[in-house]
Amino acid sequence: MVNKYLFLAYAFVWLIFILYTWNISRRQASLKKELDELKHRVGESVSAPTQGKSGY
Amino acid sequence: MNKKFPISLHFVLTFIGLAVMLYMIFLYAPEEMTMGEVQRIFYVHVACAWPALMGFIIIFFSSIVYLWKRTQYADELAHTTAEVGFIFCTCVLVTGPLWAKPAWGVWWAWDARLTLTFLLWLLYIAYLMLRSYLVNPGRAANLCAVVGIIGFVDVLIDYMAIRWWRTQHPQPVVLGGPDSGLDPRMLATLLVSVCVFTILFFLLVRIRLRLAGIRRELSEIRHVLAFKHSED
Amino acid sequence: MSSLRIIWNILIKDLRVEWRNRETLASMCVFGLLIVFLFNFAFETAREETLRLLPSVLWVAIAFAGVLGFNRSFASERENACLEGMTLAPVDPSTIFVGKMLANLIFLGIAEVVMVFAATLWFNVSFLPALGQLLLIAFFGTLGYAALGTIFGAIAANTRMREVMLTVLQFPIAFWILMLSIDSTGNALRGNPQGNWIGGIARVAGISVVFTVASYLLFEYVLEE
């Protein structure tokens with residue numbers, strides 16, 4: 001049986017890092033959505049090919 | 001930097017490092033005589049403390065670079081480091097009491113290092129709160145750089161003042177000095193943990209920086225589009 | 001115009017505004033008095049304990065009353081775009097900082113006199129035996145506190161919920177100014193049982209000067225657009 005304080009310490013540290021990574025990925029997803037929306041709008045409103053940045 | 005050391009390689013390196021670190025902490029390092037296995041919290045505790053402190057040093061230097069050269073990258077780096085440093089500082093404050101309870105019998109004692117870490121944590125909170133409360137984003141970088149610099153001056157003052165403050169505080173428990181009698185295997189484990197967590201710190205900073213980069217490019221694209229619309 | 005002249009003009013302007021509406025100073029004094037009153041009533045201390053608790057009570061009251069004043073300091077400048085006017089004037093931004101800081105220092109100093117007077121009555125403690133030392137501690141402690149409050153007040157004026165923002169910035173960073181001032185004040189009131197009273201004051205003064213210089217140097221970036 002592992003000491004409960006030892007277990008709790010490591011569990012919390014892992015949890016904090018996992019939550020932070022999840023938070024970053026969520027923010028990245030919302031940015032990607034915004035980017036897709038923007039691409040879509042550019043596609044329908046501008047007929048001439050724009051010199052935009054692509055590659056995401 | 002991205003060309004020479006791709007983020008995927010950094011990722012792999014961090015994972016290997018974490019595996020080695022866990023092996024050393026739980027299987028390689030010997031058990032401490034008086035505290036028993038609880039002492040193994042120490043490795044992750046110290047390994048988080050170093051990046052938490054280093055975070056504020058990076059904020060300080062990138063704030064100076066921003067005010068001097070006005071590179072937007074320096075501002076993004078400061079913001080990113082504050083976020084990641086805050087995460088590490090939180091880990092220190094969570095593992096600290098969990099180690100103090102079995103070792104000292106209390107969850108919290110205002111000992112020198114705990115006080116310093118807590119003040120550092122408050123500084124991170126103040127910095128991040130300022131970031132999120134600013135009304136005019138155009139001035140955000142300037143104001144945050146000023147707070148980053150004064151905050152670092154405060155960290156330095158903390159280190160001096162804690163020695164002046166009612167001198168009966170207990171000396172650091174484990175790392176008293178070179179002759180504190182730390183087992184060489186424990187020392188090796190500690191060094192590896194600190195290195196691995198430093199690598200993890202930079203990995204998180206890079207991932208978060210990429211996010212900031214995408215956000216900046218998005219706002220640039222929006223800017224160009226708005227300009228085009230006004231021309232039409 | 002020499003910079004001393006500019007500093008003087010800003011200071012006089014702040015004092016004159018304050019003289020006309022008496023908002024800031026009145027609220028600082030009343031708030032400080034209330035804190036001293038609450039603690040005095042709640043503790044009902046014996047003599048020994050009084051000397052131990054009084055410095056903390058006073059400095060906590062000073063800290064809160066100060067934050068109240070610093071908030072007004074730049075918030076009032078923003079109301080009619082006065083700050084933009086000052087920024088556009090061809091003067092060194094650092095002189096604006098010094099002028100505002102001196103005004104804050106004077107307001108907080110007056111509030112301190114009121115609080116100390118109340119504490120003398122209610123806690124039944126005389127500050128006269130150690131008056132010289134206490135004046136030095138109060139001056140240097142207030143100087144550093146007001147310098148930080150001035151620059152953070154200017155920063156917080158740019159945010160939503162500026163009262164909260166100022167407090168969150170001010171307390172962790174001014175922490176040691178307050179703590180070391182409390183320590184030195186307690187020593188002075190007890191007649192310096194450990195001797196060496198110069199050391200305690202020198203530490204408060206050192207930290208305060210460092211923060212004052214740092215705020216002075218960085219202030220121009222706060223006003224910059």
# chains A, B, ... in the order shown; residues from 1 in each chain; ligands from 1
call {"tool": "residues_around", "arguments": {"residues": "segment 131-138 of chain B", "least_positions_apart": "6", "cutoff": "7 Å", "atoms": "only C-alpha atoms", "output": "MDAnalysis selection string"}}
result
(chainID B and resid 144) or (chainID C and resid 158:160)
call {"tool": "residues_around", "arguments": {"residues": "segment 10-25 of chain B", "least_positions_apart": "2", "cutoff": "6 Å", "atoms": "only C-alpha atoms", "output": "PyMOL selection string"}}
result
chain B and resi 7-8+27-29+189+193+196+200
call {"tool": "write_last_selection", "arguments": {"atoms": "C-alpha atoms", "output": "PDB file, in the first residue's frame"}}
result
ATOM      1  CA  ILE B   7       8.656  20.215 -31.543  1.00  0.00           C
ATOM      2  CA  SER B   8       7.897  16.539 -32.214  1.00  0.00           C
ATOM      3  CA  LEU B  27      12.768   2.312  -8.110  1.00  0.00           C
ATOM      4  CA  TYR B  28      16.309   3.676  -8.214  1.00  0.00           C
ATOM      5  CA  ALA B  29      16.429   6.203  -5.359  1.00  0.00           C
ATOM      6  CA  THR B 189      17.462  11.414  -9.092  1.00  0.00           C
ATOM      7  CA  SER B 193      13.920  15.300 -12.212  1.00  0.00           C
ATOM      8  CA  VAL B 196      13.197  16.636 -17.094  1.00  0.00           C
ATOM      9  CA  LEU B 200       8.760  19.816 -19.935  1.00  0.00           C
TER      10      LEU B 200
END
call {"tool": "closest_residue", "arguments": {"among": "B:His223, B:Trp104, B:Ser63, B:Tyr124", "to": "Met35 of chain B", "atoms": "only C-alpha atoms"}}
result
B:Trp104
call {"tool": "atom_distance", "arguments": {"atom1": "atom CA of Tyr221 of chain C", "atom2": "atom CA of His79 of chain B"}}
result
17.6 Å
call {"tool": "residues_around", "arguments": {"residues": "Ala11 of chain A", "least_positions_apart": "5", "cutoff": "12 Å", "atoms": "only C-alpha atoms", "output": "number ranges by chain"}}
result
A: 4-6, 16-18; B: 41, 44, 91, 94-95, 98
call {"tool": "closest_residue", "arguments": {"among": "A:Leu15, A:Ala29, A:Ala9, A:Val2", "to": "chain B", "atoms": "only C-alpha atoms"}}
result
A:Ala9
call {"tool": "residues_around", "arguments": {"residues": "segment 33-45 of chain C", "least_positions_apart": "2", "cutoff": "9 Å", "atoms": "only C-alpha atoms", "output": "mmCIF file with N, CA and C atoms, in the first residue's frame"}}
result
data_model
loop_
_atom_site.group_PDB
_atom_site.id
_atom_site.type_symbol
_atom_site.label_atom_id
_atom_site.label_comp_id
_atom_site.auth_asym_id
_atom_site.auth_seq_id
_atom_site.Cartn_x
_atom_site.Cartn_y
_atom_site.Cartn_z
ATOM 1 N N MET C 28 -10.275 58.379 2.782
ATOM 2 C CA MET C 28 -9.124 57.669 3.353
ATOM 3 C C MET C 28 -9.130 57.741 4.873
ATOM 4 N N CYS C 29 -9.359 58.945 5.407
ATOM 5 C CA CYS C 29 -9.332 59.107 6.861
ATOM 6 C C CYS C 29 -10.443 58.310 7.523
ATOM 7 N N VAL C 30 -11.656 58.406 6.975
ATOM 8 C CA VAL C 30 -12.779 57.704 7.594
ATOM 9 C C VAL C 30 -12.564 56.199 7.543
ATOM 10 N N PHE C 31 -12.097 55.713 6.397
ATOM 11 C CA PHE C 31 -11.857 54.278 6.236
ATOM 12 C C PHE C 31 -10.793 53.797 7.219
ATOM 13 N N ARG C 47 -2.245 45.299 28.006
ATOM 14 C CA ARG C 47 -1.140 46.183 27.639
ATOM 15 C C ARG C 47 -0.077 45.473 26.782
ATOM 16 N N GLU C 48 0.350 44.286 27.238
ATOM 17 C CA GLU C 48 1.407 43.554 26.528
ATOM 18 C C GLU C 48 0.998 43.277 25.082
ATOM 19 N N GLU C 49 -0.228 42.750 24.971
ATOM 20 C CA GLU C 49 -0.711 42.398 23.636
ATOM 21 C C GLU C 49 -0.862 43.628 22.764
ATOM 22 N N THR C 50 -1.255 44.739 23.373
ATOM 23 C CA THR C 50 -1.460 45.950 22.598
ATOM 24 C C THR C 50 -0.198 46.309 21.824
ATOM 25 N N LEU C 53 0.121 43.995 18.912
ATOM 26 C CA LEU C 53 -0.885 44.051 17.840
ATOM 27 C C LEU C 53 -0.966 45.410 17.165
ATOM 28 N N LEU C 54 -0.712 46.475 17.933
ATOM 29 C CA LEU C 54 -0.953 47.818 17.423
ATOM 30 C C LEU C 54 -0.238 48.114 16.100
ATOM 31 N N VAL C 57 -2.151 46.509 13.296
ATOM 32 C CA VAL C 57 -3.431 47.170 13.060
ATOM 33 C C VAL C 57 -3.216 48.460 12.289
ATOM 34 N N LEU C 58 -2.243 49.266 12.741
ATOM 35 C CA LEU C 58 -2.012 50.558 12.093
ATOM 36 C C LEU C 58 -1.591 50.384 10.639
ATOM 37 N N VAL C 60 -2.009 47.818 8.637
ATOM 38 C CA VAL C 60 -3.092 47.283 7.794
ATOM 39 C C VAL C 60 -4.062 48.402 7.436
ATOM 40 N N ALA C 61 -4.369 49.253 8.426
ATOM 41 C CA ALA C 61 -5.265 50.387 8.153
ATOM 42 C C ALA C 61 -4.639 51.313 7.121
ATOM 43 N N PHE C 64 -4.876 49.715 3.577
ATOM 44 C CA PHE C 64 -6.185 49.777 2.918
ATOM 45 C C PHE C 64 -6.569 51.211 2.565
ATOM 46 N N ALA C 111 -3.718 61.080 6.481
ATOM 47 C CA ALA C 111 -4.572 60.006 6.988
ATOM 48 C C ALA C 111 -3.869 59.251 8.121
ATOM 49 N N VAL C 114 -4.193 61.066 11.396
ATOM 50 C CA VAL C 114 -5.523 60.870 11.985
ATOM 51 C C VAL C 114 -5.626 59.495 12.648
ATOM 52 N N MET C 115 -5.140 58.457 11.925
ATOM 53 C CA MET C 115 -5.233 57.097 12.469
ATOM 54 C C MET C 115 -4.408 56.954 13.739
ATOM 55 N N VAL C 116 -3.199 57.520 13.715
ATOM 56 C CA VAL C 116 -2.329 57.394 14.887
ATOM 57 C C VAL C 116 -2.937 58.123 16.075
ATOM 58 N N ALA C 118 -6.122 58.549 16.653
ATOM 59 C CA ALA C 118 -7.202 57.696 17.156
ATOM 60 C C ALA C 118 -6.640 56.520 17.944
ATOM 61 N N ALA C 119 -5.554 55.939 17.428
ATOM 62 C CA ALA C 119 -4.971 54.786 18.108
ATOM 63 C C ALA C 119 -4.427 55.182 19.469
ATOM 64 N N TRP C 122 -7.609 55.308 21.707
ATOM 65 C CA TRP C 122 -8.340 54.069 21.952
ATOM 66 C C TRP C 122 -7.466 52.971 22.534
ATOM 67 N N PHE C 123 -6.246 52.859 22.039
ATOM 68 C CA PHE C 123 -5.372 51.800 22.554
ATOM 69 C C PHE C 123 -4.611 52.261 23.789
#
